[in-house]
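Here is the structure we will look at.
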Amino acid sequence: MKNYDDIKPSNFIEEEILEDLKMGKSKEVITRCPPEPSGYWHIGHCKAWMINFETALKFGGYTYLRMDDTNPSREQGEFADSYLNDLEWLGYKPKDVIFASEKYFDKIYDIALNMIKNGYAYVDELSQEKQLAMKGTLTKPGQNSPYRDRPIEESLKLFKEMKEGKYPDGSMTLRAKIDMSHPNILMRDPIMYKISREHHYKTGYKWCIYPIYDFAHPMEDALEGVTYSLCDITFRVHREVYEWFIEHAWNKPFAPKQREFSTLNLENVLLGKRYLKALVNSGKVLGWDDPRFMTIVGMKRRGYTANGIKNFIRSCGVVASESTIPFNALEHYIREDLNKISTRAMVVLDPLKIVITNYKEGKTEDIEIDNNPNDDKAGKHKALFAREIYIEKEDFALDPPPKYNRLTLGGLVRLKGAYIIKCNEVIYKHNGEIDYLKCEYIENSKSGNDCSNIKVKGTIHFVAVDNAFDCTIRIFKNLTKLDYKWPSKALSEGVSLEEILEPNSMIEKMAKAEKFLLNANAFDKFQFMRKGYFILDKDSTKNNYIFNFTISLKESFKV
RNA sequence: UGGGGUGUCGCCAAGUGGUAAGGCACGAGACUUUGACUCUCGCACGCGUAGGUUCAAAUCCUGCCACCCCAGCCA
C-alpha cells in the first residue's frame with residue numbers, strides 16, 4: 001500500500017478519501033466529469049470539475065471526461081466538442097473521453113436485464129399521470145403499481161420488446177422495485193428506462209429505450225471504475241438511490257462512492273442555460289462566448305485567466321453549506337493574476353489634446369516604458385514624446401476637487417516615462433468646450449535623468465499624436481441590473497428578461513493607443529496604465545483593433 | 001407538515017473539548033514616475049438560540065429557531 005502520510009486533506013471529502021485509502025477501503029482515486037452536452041460550461045461547472053480533477057490529482061489518481069448523454073431530446077454534438085476546449089484552456093487533461101451512449105448503453109441494458117431476473121425491477125404499464133398520482137406526496141406514502149408484482153418472466157419479455165420497438169413512446173417504463181412508502185420520494189420505485197424514439201446525436205436511432213439518470217449514473221461510474229463520484233449538493237438526496245443501485249446491480253469488489261459539495265453561487269451573475277440560450281438566439285449578445293457571460297468561453301474572451309478563476313474557486317473552499325459570493329471576490333483574483341502577467345501600455349480612452357509650446361516642432365524623443373514594473377524579466381518597450389500629445393480628459397480639471405493630483409491650470413504633473421509639464425492656457429472652441437491645452441515642459445525633468453528637483457504629486461499617461469493609432473474599445477457593464485442580486489432566481493419568479501437586462505451593457509468607443517499595440521495578437525492581455533486590463537478581441541482585423549475591457553484597476557481616489 | 005442538508009465577523013471560511021486561522025470587503029498609515037502593485041496596522045469577550053455536562057464547550061448532550069433541497073419517463 002502507498003504511503004499517504006504526507007498528504008494533507010484540505011476539505012471534508014479529502015479527509016474521508018484519505019481515511020478510506022489508509023484503511024484499504026479504496027485503492028485509488030478515480031473521478032469523473034460527467035457533463036450533459038446540452039449547453040456551454042460556466043463558472044459554476046468549473047468548480048465541479050476542478051474538485052474532481054484536483055482531488056484525483058492530489059491522491060495520484062485520474063479523471064475521466066464522460067458525456068452523460070442519456071437523454072436524446074436535449075443533447076447536441078456542438079456542446080460535447082466545447083468541453084474539451086474548455087478543459088484544455090483551464091489546464092486539465094482527462095484520462096479518456098467517453099460517450100456514455102456509445103460505450104455503456106449495451107452494458108447498462110444487460111445490467112437491467114439482470115436486475116429483472118433478480119426481482120429488483122419490473123415493467124410498469126402505468127401512464128406518466130397515473131404514476132404521478134400513485135407516487136404519494138411529501139407526507140403521504142405512495143401506492144404500489146398493479147404491475148409491480150407481475151411475474152419476472154413477463155417483465156423480462158416486455159423489457160426486451162420495449163427495446164425492440166414494439167411499444168409506443170411513453171407506454172411503458174422499467175422501474176426499480178424499492179419501496180413505494182419510502183420517506184425519500186426518489187426511492188419510490190424510480191424509473192430506470194423510458195421509451196423514446198427521438199434522434200440521438202451520437203447513436204442516431206439505434207436505441208428507442210434510454211436509461212434515466214438515477215440508474216444510469218451509478219452504473220456508468222461503476223463500469224468506468226470510478227471510485228469517487230463528486231457532485232454538487234443538488235444530488236445529496238439522490239445518494240440513497242445511487243447506493244441502492246450499486247448494491248443491487250453491482251456485485252464487483254469495489255463500489256464507487258458519491259459525495260457532494262455545495263454549488264458556487266455568484267451575486268449578479270446570470271448562469272441559467274435557457275436564459276443564456278435565449279440571449280444568444282436573440283442576437284443581443286456576441287454569442288456563447290460573449291464577454292459578459294460567465295461561461296468558460298465568455299470569461300476567456302473577456303480576458304479572465306484560468307489561474308485567476310481557479311484561485312478564486314479555491315478561495316471559496318469545498319464545503320456542504322450553501323453560499324453566495326460577491327462578484328468582487330472573483331475580480332480580486334482576476335486582478336491578482338492579470339497584474340502579474342499583463343503587459344503595460346498607454347492608451348487614452350477619452351482624448352484631450354495638449355500642445356507643448358516650448359518643445360520644438362517636428363522634434364520627437366524615444367521614451368521607455370516598463371512592460372511590467374513588477375517583473376524584471378518583462379523588459380521595456382519604446383514610446384514617443386512629441387510636441388502634440390493626448391491625455392485623458394479626466395486628467396485635467398479647471399476646478400479641481402480636493403486632493404486632485406493631476407493637471408490643473410497653472411499646475412504641474414509628470415507625464416509617465418517623460419517630462420514634467422505645466423499647463424499655461426486653455427484654448428476653447430466656439431461652443432465653449434475645451435479645444436486643447438497649451439503647456440510647457442520642464443527641460444531637465446526627463447524620466448531617468450531628472451535633475452529638476454521638482455516634486456509633483458501626480459503622474460498621468462499619454463500618447464504622442466504621431467505615435468497613436470485609433471482602436472475600438474468595448475466597455476462592459478454587468479449584463480443584468482445590479483438590483484437583481486440573483487438574476488436567475490428573479491427570472492424564474494416571472495421577472496422578464498427585458499426588465500432584468502442592463503441597458504447598454506456593452507458600449508463601443510474609439511481610443512488613442514500607442515503604436516506598440518499594433519503587435520498584439522488575439523487574446524493578448526494588457527494593462528492600459530491607470531485604466532484597467534484589456535484583451536485584444538478575436539474579431540480584430542488589421543484595420544480595426546478591438547480591445548475588450550476586462551476589469552478596472554482598483555481605484556482608491558474618490559472625488 | 002415526510003425525508004435530507006446547513007447555520008462561526010458585511011461576504012466566504014478554518015476550527016474535531018484547552019480559551020476564535022486566513023481571504024474578500026472596509027478603515028487608517030507607509031511606499032510609489034500607474035491614486036495600481038507592495039507593505040504596516042485595525043476589524044467576532046463572540047460561534048443560530050435556550051438550557052445542560054465539564055476545571056474548561058464553537059466543539060459533547062437536550063430542546064427550540066431559521067434557511068436550502070426533494071414528489072421529470074431531466075441531469
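To be explicit about the labels: the chains of the C-alpha cells are called A, B, and onward in the order shown, and within each one the residues are counted from 1, while ligands get numbers from 1 in the order they are shown.
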Which residues in stretch 28-255 of chain A does DSSP call alpha helix (DSSP H)? List them as a VMD selection string. chain A and resid 43 to 58 77 to 90 100 to 117 128 to 133 152 to 164 213 to 224 239 to 249
Excluding B:U49 and any residue of its chain fewer than 2 positions from it, enumerate the residues within 10 Å of it, using only C-alpha atoms (C1' of nucleotides), and give them as a count of residues only. 3
Could you tell me, as an mmCIF file with N, CA and C atoms, in the first residue's frame, which residues of stretch 339-475 of chain A DSSP assigns to strand (DSSP E) when given the backbone?
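This is the output file result12.cif:
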```cif
data_model
loop_
_atom_site.group_PDB
_atom_site.id
_atom_site.type_symbol
_atom_site.label_atom_id
_atom_site.label_comp_id
_atom_site.auth_asym_id
_atom_site.auth_seq_id
_atom_site.Cartn_x
_atom_site.Cartn_y
_atom_site.Cartn_z
ATOM 1 N N THR A 343 1.077 42.907 -19.974
ATOM 2 C CA THR A 343 1.998 43.923 -20.476
ATOM 3 C C THR A 343 1.373 45.314 -20.346
ATOM 4 N N ARG A 344 2.166 46.279 -19.867
ATOM 5 C CA ARG A 344 1.640 47.637 -19.695
ATOM 6 C C ARG A 344 1.701 48.388 -21.015
ATOM 7 N N ALA A 345 0.737 49.221 -21.232
ATOM 8 C CA ALA A 345 0.734 50.064 -22.423
ATOM 9 C C ALA A 345 -0.024 51.337 -22.101
ATOM 10 N N VAL A 347 -2.798 53.942 -23.328
ATOM 11 C CA VAL A 347 -3.937 54.155 -24.217
ATOM 12 C C VAL A 347 -4.794 55.254 -23.608
ATOM 13 N N VAL A 348 -5.147 56.210 -24.434
ATOM 14 C CA VAL A 348 -6.004 57.294 -23.959
ATOM 15 C C VAL A 348 -7.422 57.038 -24.449
ATOM 16 N N PRO A 351 -9.659 61.300 -25.316
ATOM 17 C CA PRO A 351 -8.511 62.176 -25.535
ATOM 18 C C PRO A 351 -8.778 63.683 -25.396
ATOM 19 N N LEU A 352 -7.774 64.331 -24.845
ATOM 20 C CA LEU A 352 -7.718 65.797 -24.788
ATOM 21 C C LEU A 352 -6.327 66.170 -25.295
ATOM 22 N N LYS A 353 -6.290 67.042 -26.308
ATOM 23 C CA LYS A 353 -5.005 67.349 -26.929
ATOM 24 C C LYS A 353 -4.228 68.394 -26.132
ATOM 25 N N ILE A 354 -2.920 68.205 -26.125
ATOM 26 C CA ILE A 354 -2.033 69.172 -25.487
ATOM 27 C C ILE A 354 -0.953 69.570 -26.472
ATOM 28 N N VAL A 355 -0.647 70.841 -26.531
ATOM 29 C CA VAL A 355 0.494 71.302 -27.328
ATOM 30 C C VAL A 355 1.552 71.803 -26.356
ATOM 31 N N ILE A 356 2.756 71.222 -26.490
ATOM 32 C CA ILE A 356 3.861 71.645 -25.624
ATOM 33 C C ILE A 356 4.538 72.811 -26.330
ATOM 34 N N THR A 364 11.056 64.752 -31.920
ATOM 35 C CA THR A 364 10.484 63.685 -31.093
ATOM 36 C C THR A 364 11.598 63.060 -30.282
ATOM 37 N N GLU A 365 11.228 62.395 -29.204
ATOM 38 C CA GLU A 365 12.204 61.667 -28.384
ATOM 39 C C GLU A 365 11.633 60.297 -28.044
ATOM 40 N N ASP A 366 12.497 59.307 -28.052
ATOM 41 C CA ASP A 366 12.072 57.991 -27.581
ATOM 42 C C ASP A 366 11.985 58.007 -26.067
ATOM 43 N N ILE A 367 10.981 57.353 -25.563
ATOM 44 C CA ILE A 367 10.936 57.114 -24.119
ATOM 45 C C ILE A 367 10.750 55.620 -23.901
ATOM 46 N N GLU A 368 11.019 55.159 -22.698
ATOM 47 C CA GLU A 368 10.911 53.726 -22.424
ATOM 48 C C GLU A 368 9.833 53.454 -21.378
ATOM 49 N N ILE A 369 9.068 52.443 -21.672
ATOM 50 C CA ILE A 369 8.007 52.056 -20.746
ATOM 51 C C ILE A 369 8.254 50.616 -20.289
ATOM 52 N N ASP A 370 8.229 50.405 -18.988
ATOM 53 C CA ASP A 370 8.373 49.037 -18.477
ATOM 54 C C ASP A 370 7.194 48.192 -18.938
ATOM 55 N N LYS A 380 11.290 46.199 -21.602
ATOM 56 C CA LYS A 380 10.684 47.517 -21.826
ATOM 57 C C LYS A 380 10.277 47.636 -23.275
ATOM 58 N N HIS A 381 9.460 48.628 -23.563
ATOM 59 C CA HIS A 381 9.203 48.942 -24.970
ATOM 60 C C HIS A 381 9.287 50.454 -25.172
ATOM 61 N N LYS A 382 9.465 50.844 -26.438
ATOM 62 C CA LYS A 382 9.643 52.264 -26.754
ATOM 63 C C LYS A 382 8.313 52.949 -27.022
ATOM 64 N N ALA A 383 8.212 54.151 -26.530
ATOM 65 C CA ALA A 383 7.098 55.018 -26.897
ATOM 66 C C ALA A 383 7.715 56.349 -27.319
ATOM 67 N N LEU A 384 6.849 57.330 -27.567
ATOM 68 C CA LEU A 384 7.345 58.569 -28.143
ATOM 69 C C LEU A 384 6.863 59.776 -27.352
ATOM 70 N N PHE A 385 7.764 60.780 -27.249
ATOM 71 C CA PHE A 385 7.335 62.074 -26.722
ATOM 72 C C PHE A 385 7.437 63.079 -27.866
ATOM 73 N N ALA A 386 6.471 63.980 -27.974
ATOM 74 C CA ALA A 386 6.470 64.942 -29.070
ATOM 75 C C ALA A 386 5.728 66.206 -28.645
ATOM 76 N N GLU A 388 2.928 67.432 -29.777
ATOM 77 C CA GLU A 388 1.487 67.270 -29.605
ATOM 78 C C GLU A 388 1.176 65.895 -29.025
ATOM 79 N N ILE A 389 0.444 65.912 -27.975
ATOM 80 C CA ILE A 389 0.119 64.645 -27.302
ATOM 81 C C ILE A 389 -1.358 64.636 -26.894
ATOM 82 N N TYR A 390 -1.825 63.427 -26.542
ATOM 83 C CA TYR A 390 -3.164 63.318 -25.959
ATOM 84 C C TYR A 390 -3.033 62.880 -24.505
ATOM 85 N N ILE A 391 -3.852 63.474 -23.662
ATOM 86 C CA ILE A 391 -4.004 62.935 -22.306
ATOM 87 C C ILE A 391 -5.486 62.625 -22.090
ATOM 88 N N GLU A 392 -5.767 61.998 -20.998
ATOM 89 C CA GLU A 392 -7.144 61.638 -20.663
ATOM 90 C C GLU A 392 -7.892 62.898 -20.216
ATOM 91 N N PHE A 396 -7.407 66.276 -16.480
ATOM 92 C CA PHE A 396 -7.267 67.723 -16.382
ATOM 93 C C PHE A 396 -8.534 68.290 -15.745
ATOM 94 N N ALA A 397 -8.354 69.209 -14.807
ATOM 95 C CA ALA A 397 -9.528 69.810 -14.175
ATOM 96 C C ALA A 397 -9.329 71.304 -14.028
ATOM 97 N N LEU A 407 -3.439 67.192 -13.691
ATOM 98 C CA LEU A 407 -3.157 68.509 -14.284
ATOM 99 C C LEU A 407 -4.235 69.526 -13.960
ATOM 100 N N THR A 408 -3.787 70.714 -13.611
ATOM 101 C CA THR A 408 -4.718 71.832 -13.421
ATOM 102 C C THR A 408 -4.116 73.044 -14.119
ATOM 103 N N LEU A 412 1.404 71.490 -12.150
ATOM 104 C CA LEU A 412 2.409 70.607 -12.728
ATOM 105 C C LEU A 412 1.987 69.154 -12.594
ATOM 106 N N VAL A 413 2.398 68.371 -13.583
ATOM 107 C CA VAL A 413 2.148 66.928 -13.497
ATOM 108 C C VAL A 413 3.232 66.207 -14.287
ATOM 109 N N ARG A 414 3.510 64.972 -13.896
ATOM 110 C CA ARG A 414 4.504 64.176 -14.626
ATOM 111 C C ARG A 414 3.803 63.391 -15.725
ATOM 112 N N LEU A 415 4.359 63.408 -16.924
ATOM 113 C CA LEU A 415 3.885 62.510 -17.972
ATOM 114 C C LEU A 415 4.674 61.218 -17.836
ATOM 115 N N ILE A 420 8.021 66.458 -16.910
ATOM 116 C CA ILE A 420 7.025 67.181 -16.128
ATOM 117 C C ILE A 420 6.534 68.336 -16.989
ATOM 118 N N ILE A 421 5.222 68.536 -16.990
ATOM 119 C CA ILE A 421 4.685 69.661 -17.762
ATOM 120 C C ILE A 421 3.867 70.573 -16.863
ATOM 121 N N LYS A 422 3.678 71.778 -17.362
ATOM 122 C CA LYS A 422 2.876 72.760 -16.643
ATOM 123 C C LYS A 422 1.846 73.321 -17.617
ATOM 124 N N CYS A 423 0.622 73.437 -17.164
ATOM 125 C CA CYS A 423 -0.429 73.949 -18.039
ATOM 126 C C CYS A 423 -0.530 75.463 -17.891
ATOM 127 N N ASN A 424 -0.409 76.154 -19.046
ATOM 128 C CA ASN A 424 -0.436 77.612 -19.009
ATOM 129 C C ASN A 424 -1.735 78.224 -19.505
ATOM 130 N N GLU A 425 -2.403 77.519 -20.426
ATOM 131 C CA GLU A 425 -3.551 78.150 -21.064
ATOM 132 C C GLU A 425 -4.533 77.107 -21.581
ATOM 133 N N VAL A 426 -5.782 77.434 -21.474
ATOM 134 C CA VAL A 426 -6.826 76.563 -22.013
ATOM 135 C C VAL A 426 -7.418 77.241 -23.239
ATOM 136 N N ILE A 427 -7.415 76.505 -24.365
ATOM 137 C CA ILE A 427 -7.982 77.061 -25.596
ATOM 138 C C ILE A 427 -9.375 76.471 -25.801
ATOM 139 N N TYR A 428 -10.340 77.337 -26.007
ATOM 140 C CA TYR A 428 -11.737 76.890 -26.132
ATOM 141 C C TYR A 428 -12.211 76.882 -27.576
ATOM 142 N N ILE A 434 -13.627 72.805 -24.164
ATOM 143 C CA ILE A 434 -12.172 72.899 -24.250
ATOM 144 C C ILE A 434 -11.703 72.299 -25.567
ATOM 145 N N ASP A 435 -10.902 73.043 -26.316
ATOM 146 C CA ASP A 435 -10.363 72.542 -27.580
ATOM 147 C C ASP A 435 -9.049 71.816 -27.309
ATOM 148 N N TYR A 436 -8.103 72.528 -26.742
ATOM 149 C CA TYR A 436 -6.844 71.893 -26.374
ATOM 150 C C TYR A 436 -6.159 72.723 -25.295
ATOM 151 N N LEU A 437 -5.036 72.190 -24.773
ATOM 152 C CA LEU A 437 -4.320 72.858 -23.696
ATOM 153 C C LEU A 437 -2.949 73.289 -24.200
ATOM 154 N N LYS A 438 -2.544 74.474 -23.788
ATOM 155 C CA LYS A 438 -1.164 74.871 -24.058
ATOM 156 C C LYS A 438 -0.353 74.649 -22.784
ATOM 157 N N CYS A 439 0.722 73.851 -22.942
ATOM 158 C CA CYS A 439 1.545 73.531 -21.783
ATOM 159 C C CYS A 439 3.011 73.803 -22.117
ATOM 160 N N GLU A 440 3.842 73.846 -21.095
ATOM 161 C CA GLU A 440 5.284 73.878 -21.327
ATOM 162 C C GLU A 440 5.905 72.698 -20.596
ATOM 163 N N TYR A 441 7.022 72.205 -21.129
ATOM 164 C CA TYR A 441 7.671 71.104 -20.431
ATOM 165 C C TYR A 441 8.884 71.615 -19.680
ATOM 166 N N THR A 459 1.263 61.500 -11.642
ATOM 167 C CA THR A 459 1.810 61.063 -12.915
ATOM 168 C C THR A 459 0.643 60.605 -13.767
ATOM 169 N N ILE A 460 0.574 61.103 -14.981
ATOM 170 C CA ILE A 460 -0.521 60.673 -15.856
ATOM 171 C C ILE A 460 0.043 60.050 -17.123
ATOM 172 N N PHE A 462 -0.116 59.182 -21.340
ATOM 173 C CA PHE A 462 -0.380 59.996 -22.534
ATOM 174 C C PHE A 462 0.060 59.207 -23.761
ATOM 175 N N VAL A 463 -0.346 59.656 -24.923
ATOM 176 C CA VAL A 463 0.267 59.144 -26.157
ATOM 177 C C VAL A 463 0.574 60.340 -27.051
ATOM 178 N N ALA A 464 1.697 60.255 -27.766
ATOM 179 C CA ALA A 464 2.033 61.308 -28.724
ATOM 180 C C ALA A 464 1.115 61.155 -29.927
ATOM 181 N N ALA A 468 0.237 57.432 -32.144
ATOM 182 C CA ALA A 468 -1.056 56.866 -31.758
ATOM 183 C C ALA A 468 -1.793 56.295 -32.951
ATOM 184 N N PHE A 469 -2.563 55.266 -32.706
ATOM 185 C CA PHE A 469 -3.496 54.805 -33.738
ATOM 186 C C PHE A 469 -4.868 54.632 -33.102
ATOM 187 N N ASP A 470 -5.896 54.770 -33.939
ATOM 188 C CA ASP A 470 -7.256 54.644 -33.429
ATOM 189 C C ASP A 470 -7.628 53.178 -33.276
ATOM 190 N N CYS A 471 -8.167 52.838 -32.133
ATOM 191 C CA CYS A 471 -8.634 51.473 -31.939
ATOM 192 C C CYS A 471 -10.025 51.510 -31.304
ATOM 193 N N THR A 472 -10.679 50.360 -31.346
ATOM 194 C CA THR A 472 -12.015 50.269 -30.754
ATOM 195 C C THR A 472 -11.901 49.657 -29.364
ATOM 196 N N ILE A 473 -12.615 50.266 -28.447
ATOM 197 C CA ILE A 473 -12.643 49.734 -27.084
ATOM 198 C C ILE A 473 -14.063 49.287 -26.799
ATOM 199 N N ARG A 474 -14.190 48.080 -26.281
ATOM 200 C CA ARG A 474 -15.525 47.633 -25.861
ATOM 201 C C ARG A 474 -15.586 47.660 -24.338
ATOM 202 N N ILE A 475 -16.414 48.543 -23.833
ATOM 203 C CA ILE A 475 -16.581 48.667 -22.392
ATOM 204 C C ILE A 475 -17.793 47.844 -21.969
#
```
With distances taken over only C-alpha atoms (C1' of nucleotides), which of B:U59, B:A21, B:U6, B:C69 is nearest to B:C47?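 Going through B:U59, B:A21, B:U6, B:C69 one by one, the smallest distance to B:C47 is for B:U59.
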In Å, with one decimal, what is the gap from atom CA of A:Phe105 to atom CA of A:Asp68? 11.1 Å
Quick one: of A:Phe528, A:Tyr242, A:Tyr304, A:Phe476, who's nearest to A:Asn371, counting only C-alpha atoms?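 Closest residue, counting only C-alpha atoms: A:Phe528.
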Quick one: everything within 9 Å of stretch 11-13 of chain B, counting only C-alpha atoms (C1' of nucleotides), minus sequence neighbours fewer than 6 positions away in the same chain. Send it as a ChimeraX atom specification. /A:315-317,323-326,329 /B:22-25
For chain B, which residues have at least one atom within 12 Å of chain A, if we go by only C-alpha atoms (C1' of nucleotides)? Write them as a ChimeraX atom specification, please. /B:1-7,10-14,16,22-25,32-38,67-75
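Excluding stretch 81-88 of chain A and any residue on its chain fewer than 3 positions from it, the residues at most 8 Å away by only C-alpha atoms (C1' of nucleotides) are A:Tyr40, A:Trp41, A:Gly77, A:Glu78, A:Gly91, A:Tyr92, A:Lys93, A:Ile296, A:Val297.
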Quick one: residues within 10 Å of A:Ala520, only C-alpha atoms (C1' of nucleotides), excluding same-chain residues fewer than 4 positions away - as a PyMOL selection string? chain A and resi 515-516+524-526+535-536+545
Set the distance at 8 Å and use only C-alpha atoms (C1' of nucleotides): which residues neighbour A:Ile246 once local chain neighbours fewer than 2 positions away are removed? I'd like the list as a VMD selection string. chain A and resid 218 to 219 222 242 to 244 248 to 251 255 to 256
Which value, in Å to one decimal, gives the distance between atom CA of A:Tyr201 and atom CA of A:Glu220? 19.0 Å
Need to verify the contact set: B:G51, 12 Å, only C-alpha atoms (C1' of nucleotides), exclusion of same-chain residues closer than 5 positions in sequence. Can you return it as an NGL selection string? :B and (61-64)
If you measure from atom CA of A:Leu497 to atom CA of A:Tyr275, what distance in Å do you get, rounded to one decimal?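 About the pair atom CA of A:Leu497 and atom CA of A:Tyr275: they are 8.0 Å apart.
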